[in-house]
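*Asks:* One structure, pasted below without further comment.
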Amino acid sequence: MITNKHFQFLPPILSPLIAIASALIVGAILILLAGANPITAYTALFQESLFTYFGFGNTLTKMTPLLLTSLGVLVALRAGQFNIGGEGQIYLGALGSTLIGLYVQGLPAIIHIPLALVAGFLFGAVWGWIPGYLKAVRGVNEVITTLLLNYIAVNLVSYLVQNPLKAPAAPSPYSPLIAKSAQLPIILPQSLAHAGIILALIAAGVLWVLLVRSHLGYQIAAVGFNPTAAHYARISVKNTIMLVMALAGGLAGLAGASEVMGLKYRLFEVVSSGYGFDAIAIAFLSRGSIGGVVLTSLFFAALRSGANVMQRSAGVPVAVVYTIQGLTVLFIAISLAVERRIKNSTQ
């Protein structure tokens with residue numbers, strides 16, 4: 001006889017798969033209620049975003065900032081910190097890479113591109129370190145500080161592109177083009193897909209090694225699980241918090257740098273279309289799994305990429321896509337609640 005104590009929890013990477021499948025099923029019901037055919041709608045959505053050359057290139061382009069920023073949220077969560085500041089860190093990373101791309105000239109691409117990426121990482125890292133310092137040293141809640149720093153970053157970039165960084169005779173706020181030697185190469189010719197996705201996947205691999213195979217990863221997990229016990233184990237809780245928040249900010253900063261260096265080639269007033277906030281949902285959906293982050297980032301990017309085609313082909317409003325995203329988060333929350341209840345009942 002199978003009882004609760006024999007229940008085996010699903011591997012973390014399966015949780016986003018189940019949540020995504022459940023959200024798509026409920027989304028199909030909503031599409032039916034709207035008078036459209038869900039098979040036609042989903043075929044248009046995923047065929048365009050995953051199985052056409054240019055659509056897949058567009059999906060990879062949108063996946064890049066989602067994946068990098070989600071990794072930043074995830075590493076903070078491992079240490080028990082909630083990084084709500086991905087959006088602002090994206091803006092600061094975009095600013096850092098733009099400054100290198102504009103004002104550092106005469107370098108070969110093999111030096112200029114890494115230098116601009118490092119600048120983007122450092123600008124984002126500083127923006128993440130600030131709330132980490134305030135939490136570790138002053139005890140200020142990081143949710144509040146990261147959220148408020150978003151507004152400062154957005155308005156700072158807005159001011160700069162409207163004034164000192166504004167391109168001459170520009171009809172709207174944006175900077176001049178960065179140097180060609182600072183631009184990321186296109187990986188799918190005649191599409192939008194650039195080398196930023198390769199950078200994001202490498203970052204995911206490095207972060208997996210860091211969190212799973214290194215002593216630092218053990219320290220981060222220990223602080224996230226029990227800061228008091230970590231302190232008695234002679235782990236510096238304060239330094240660990242500041243480090244993970246800086247790393248989280250740096251990864252989001254790379255997302256902003258990739259948007260400038262691989263897609264727009266200049267700094268615009270609007271750098272991110274909400275990637276920092278989608279990243280929070282993606283990181284929670286992954287349940288600590290790097291593979292889950294990659295998978296869910298691809299799913300969210302595909303939804304963004306194919307939404308307009310679905311609307312034109314099947315007459316389904318773009319709002320349905322955002323509903324599916326919300327349902328995905330809802331189902332993962334339900335699975336967590338059910339798993340916790342079963343776990344408690346077996347103790």
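Residue numbers start at 1 in each chain; chains themselves are named A, B, ... in the order of the structure tokens; ligands are numbered from 1 in the order shown.
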So which residues touch region 145-151 of chain A within 6 Å, counting only C-alpha atoms, skipping near sequence neighbours fewer than 4 positions away, as a ChimeraX atom specification?
*Replies:* /A:84-85,87-88,131
*Asks:* Sorted by chain and rising residue number, list the residues of region 15-130 of chain A at most 9 Å from region 264-274 of chain A (counting only C-alpha atoms), each with its closest atom pair and distance in Å to one decimal, as CSV.
*Replies:*
```
residue,atom,partner,partner_atom,distance
A:Pro65,CA,A:Ser272,CA,8.7
A:Glu87,CA,A:Gly274,CA,6.9
A:Ile90,CA,A:Ser272,CA,7.2
A:Tyr91,CA,A:Val271,CA,6.2
A:Ala94,CA,A:Leu267,CA,6.9
A:Leu95,CA,A:Leu267,CA,7.0
A:Thr98,CA,A:Leu267,CA,6.4
A:Gly101,CA,A:Arg266,CA,8.7
A:Leu102,CA,A:Arg266,CA,8.9
```
*Asks:* Rank nothing, just name the residue among A:Val75, A:Ala182, A:Val104, A:Leu263 nearest to Lys62 (chain A), using only C-alpha atoms.
*Replies:* A:Leu263
*Asks:* Determine, counting only C-alpha atoms, which protein, DNA and RNA residues have an atom within 8 Å of an atom of Val244 (chain A); residues of the same chain fewer than 2 positions away are not included. Present the result as an MDAnalysis selection string.
*Replies:* chainID A and resid 75:76 79 132 220 240:242 246:248
*Asks:* Can I get the selected residues back with N, CA and C atoms, as an mmCIF file, in the first residue's frame?
*Replies:*
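Below you can see result-v6.cif, which holds the result:
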```cif
data_model
loop_
_atom_site.group_PDB
_atom_site.id
_atom_site.type_symbol
_atom_site.label_atom_id
_atom_site.label_comp_id
_atom_site.auth_asym_id
_atom_site.auth_seq_id
_atom_site.Cartn_x
_atom_site.Cartn_y
_atom_site.Cartn_z
ATOM 1 N N VAL A 75 20.608 33.271 -7.791
ATOM 2 C CA VAL A 75 21.770 33.199 -6.899
ATOM 3 C C VAL A 75 21.498 33.954 -5.598
ATOM 4 N N ALA A 76 20.728 35.034 -5.680
ATOM 5 C CA ALA A 76 20.353 35.745 -4.456
ATOM 6 C C ALA A 76 19.421 34.888 -3.596
ATOM 7 N N ALA A 79 20.953 32.397 -1.253
ATOM 8 C CA ALA A 79 21.440 32.930 0.020
ATOM 9 C C ALA A 79 20.311 33.521 0.861
ATOM 10 N N GLY A 132 22.776 44.956 -0.820
ATOM 11 C CA GLY A 132 23.419 43.892 -0.054
ATOM 12 C C GLY A 132 24.131 44.443 1.162
ATOM 13 N N ILE A 220 27.067 29.781 0.365
ATOM 14 C CA ILE A 220 25.853 30.500 -0.032
ATOM 15 C C ILE A 220 24.614 29.726 0.415
ATOM 16 N N THR A 240 28.911 37.175 2.652
ATOM 17 C CA THR A 240 28.212 36.321 1.691
ATOM 18 C C THR A 240 27.010 37.035 1.104
ATOM 19 N N ILE A 241 26.257 37.732 1.933
ATOM 20 C CA ILE A 241 25.093 38.471 1.443
ATOM 21 C C ILE A 241 25.524 39.553 0.461
ATOM 22 N N MET A 242 26.559 40.310 0.813
ATOM 23 C CA MET A 242 27.027 41.363 -0.087
ATOM 24 C C MET A 242 27.548 40.772 -1.396
ATOM 25 N N ALA A 246 25.896 41.415 -5.106
ATOM 26 C CA ALA A 246 26.734 42.000 -6.152
ATOM 27 C C ALA A 246 26.746 41.094 -7.385
ATOM 28 N N LEU A 247 26.851 39.796 -7.172
ATOM 29 C CA LEU A 247 26.838 38.854 -8.294
ATOM 30 C C LEU A 247 25.499 38.894 -9.018
ATOM 31 N N ALA A 248 24.415 38.972 -8.262
ATOM 32 C CA ALA A 248 23.085 39.067 -8.866
ATOM 33 C C ALA A 248 22.970 40.326 -9.718
#
```
*Asks:* With region 207-218 of chain A as the partner and 9 Å as the cut-off, tabulate the residues of region 287-325 of chain A that qualify, each row holding the nearest pair of atoms and their distance in Å to one decimal, using only C-alpha atoms, sorted by chain and rising number, as a Markdown table.
*Replies:*
```
| residue | atom | partner | partner_atom | distance |
| --- | --- | --- | --- | --- |
| A:Ser289 | CA | A:Trp208 | CA | 8.7 |
| A:Ile290 | CA | A:Trp208 | CA | 6.4 |
| A:Gly291 | CA | A:Trp208 | CA | 8.9 |
```
*Asks:* Just checking: using only C-alpha atoms, which residue out of A:Ser181, A:Ser286, A:Ser236, A:Thr61 ends up closest to Val73 (chain A)?
*Replies:*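 Looking only at the distances to Val73 (chain A), the closest residue turns out to be A:Ser286.
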*Asks:* Could you name the residues that touch Ile25 (chain A) at 12 Å or less, counting only C-alpha atoms, but leaving out those on the same chain fewer than 5 positions away, as a PDB file with N, CA and C atoms, in the first residue's frame?
*Replies:*
```
ATOM      1  N   ILE A  18       5.732  20.892 -15.539  1.00  0.00           N
ATOM      2  CA  ILE A  18       4.348  20.617 -15.150  1.00  0.00           C
ATOM      3  C   ILE A  18       3.552  21.916 -15.056  1.00  0.00           C
ATOM      4  N   ALA A  19       4.166  22.958 -14.476  1.00  0.00           N
ATOM      5  CA  ALA A  19       3.476  24.243 -14.357  1.00  0.00           C
ATOM      6  C   ALA A  19       3.172  24.833 -15.725  1.00  0.00           C
ATOM      7  N   ILE A  20       4.127  24.733 -16.659  1.00  0.00           N
ATOM      8  CA  ILE A  20       3.926  25.257 -18.002  1.00  0.00           C
ATOM      9  C   ILE A  20       2.803  24.498 -18.708  1.00  0.00           C
ATOM     10  N   LEU A  30      -9.329  29.289 -21.924  1.00  0.00           N
ATOM     11  CA  LEU A  30      -9.604  30.727 -22.083  1.00  0.00           C
ATOM     12  C   LEU A  30      -9.704  31.108 -23.553  1.00  0.00           C
ATOM     13  N   ILE A  31      -8.864  30.508 -24.385  1.00  0.00           N
ATOM     14  CA  ILE A  31      -8.917  30.798 -25.823  1.00  0.00           C
ATOM     15  C   ILE A  31     -10.243  30.308 -26.407  1.00  0.00           C
ATOM     16  N   LEU A  32     -10.712  29.138 -25.951  1.00  0.00           N
ATOM     17  CA  LEU A  32     -12.008  28.634 -26.401  1.00  0.00           C
ATOM     18  C   LEU A  32     -13.139  29.580 -26.000  1.00  0.00           C
ATOM     19  N   PRO A  38      -7.812  26.948 -29.870  1.00  0.00           N
ATOM     20  CA  PRO A  38      -6.527  26.917 -29.151  1.00  0.00           C
ATOM     21  C   PRO A  38      -5.421  26.211 -29.926  1.00  0.00           C
ATOM     22  N   ILE A  39      -5.780  25.192 -30.727  1.00  0.00           N
ATOM     23  CA  ILE A  39      -4.751  24.502 -31.516  1.00  0.00           C
ATOM     24  C   ILE A  39      -4.160  25.449 -32.546  1.00  0.00           C
ATOM     25  N   TYR A  42      -2.008  28.131 -30.542  1.00  0.00           N
ATOM     26  CA  TYR A  42      -0.718  27.638 -30.042  1.00  0.00           C
ATOM     27  C   TYR A  42       0.212  27.248 -31.190  1.00  0.00           C
ATOM     28  N   THR A 323      -1.556  36.211 -19.386  1.00  0.00           N
ATOM     29  CA  THR A 323      -2.358  35.353 -18.512  1.00  0.00           C
ATOM     30  C   THR A 323      -1.686  33.992 -18.336  1.00  0.00           C
ATOM     31  N   ILE A 324      -1.147  33.450 -19.428  1.00  0.00           N
ATOM     32  CA  ILE A 324      -0.455  32.164 -19.355  1.00  0.00           C
ATOM     33  C   ILE A 324       0.780  32.273 -18.457  1.00  0.00           C
ATOM     34  N   LEU A 327      -0.500  32.273 -14.941  1.00  0.00           N
ATOM     35  CA  LEU A 327      -0.961  30.942 -14.556  1.00  0.00           C
ATOM     36  C   LEU A 327       0.204  30.005 -14.269  1.00  0.00           C
ATOM     37  N   THR A 328       1.291  30.156 -15.014  1.00  0.00           N
ATOM     38  CA  THR A 328       2.467  29.332 -14.769  1.00  0.00           C
ATOM     39  C   THR A 328       2.993  29.548 -13.360  1.00  0.00           C
ATOM     40  N   PHE A 331       0.564  27.957 -10.806  1.00  0.00           N
ATOM     41  CA  PHE A 331       0.654  26.494 -10.686  1.00  0.00           C
ATOM     42  C   PHE A 331       1.915  26.059  -9.957  1.00  0.00           C
TER      43      PHE A 331
END
```
*Asks:* Report as a PDB file with C-alpha atoms, in the first residue's frame all protein, DNA and RNA residues lying within 8 Å of Val309 (chain A), evaluated on only C-alpha atoms, omitting residues in the same chain fewer than 4 positions from it.
*Replies:*
```
ATOM      1  CA  ALA A  44       0.899  29.984 -34.592  1.00  0.00           C
ATOM      2  CA  LEU A  45       2.548  30.984 -31.313  1.00  0.00           C
ATOM      3  CA  GLU A  48       6.618  31.281 -35.223  1.00  0.00           C
ATOM      4  CA  SER A 313      -3.335  34.463 -37.058  1.00  0.00           C
TER       5      SER A 313
END
```
*Asks:* Pick out the closest residue to Ala200 (chain A) from this set: A:Ala252, A:Ala119, A:Val237, A:Leu50. Count only C-alpha atoms.
*Replies:* A:Ala252
*Asks:* How many Å separate CA of Val321 (chain A) from CA of Ala41 (chain A)?
*Replies:* 10.7 Å
*Asks:* Calculate how many Å separate CA of Leu122 (chain A) from CA of Ala301 (chain A), rounding to one decimal.
*Replies:*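 CA of Leu122 (chain A) sits 25.8 Å away from CA of Ala301 (chain A).
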*Asks:* Tell me which of A:Asn83, A:Ser70, A:Ser22, A:Ser172 sits closest to Ser297 (chain A), counting only C-alpha atoms.
*Replies:*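 Smallest separation from Ser297 (chain A) among the options: A:Ser70.
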*Asks:* Looking at only C-alpha atoms, which of A:Ala153, A:Ala204, A:Leu251, A:Ala193 is the one that sits closest to Gly292 (chain A)?
*Replies:*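 Counting only C-alpha atoms, the residue closest to Gly292 (chain A) is A:Ala204.
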*Asks:* Among region 88-310 of chain A, which residues does DSSP mark as alpha helix (DSSP H) when it is run on the backbone? Keep the chain and numbering as in the structure and answer as a ChimeraX atom specification.
*Replies:* /A:88-103,109-138,142-162,196-213,215-225,227-232,237-258,275-286,290-310
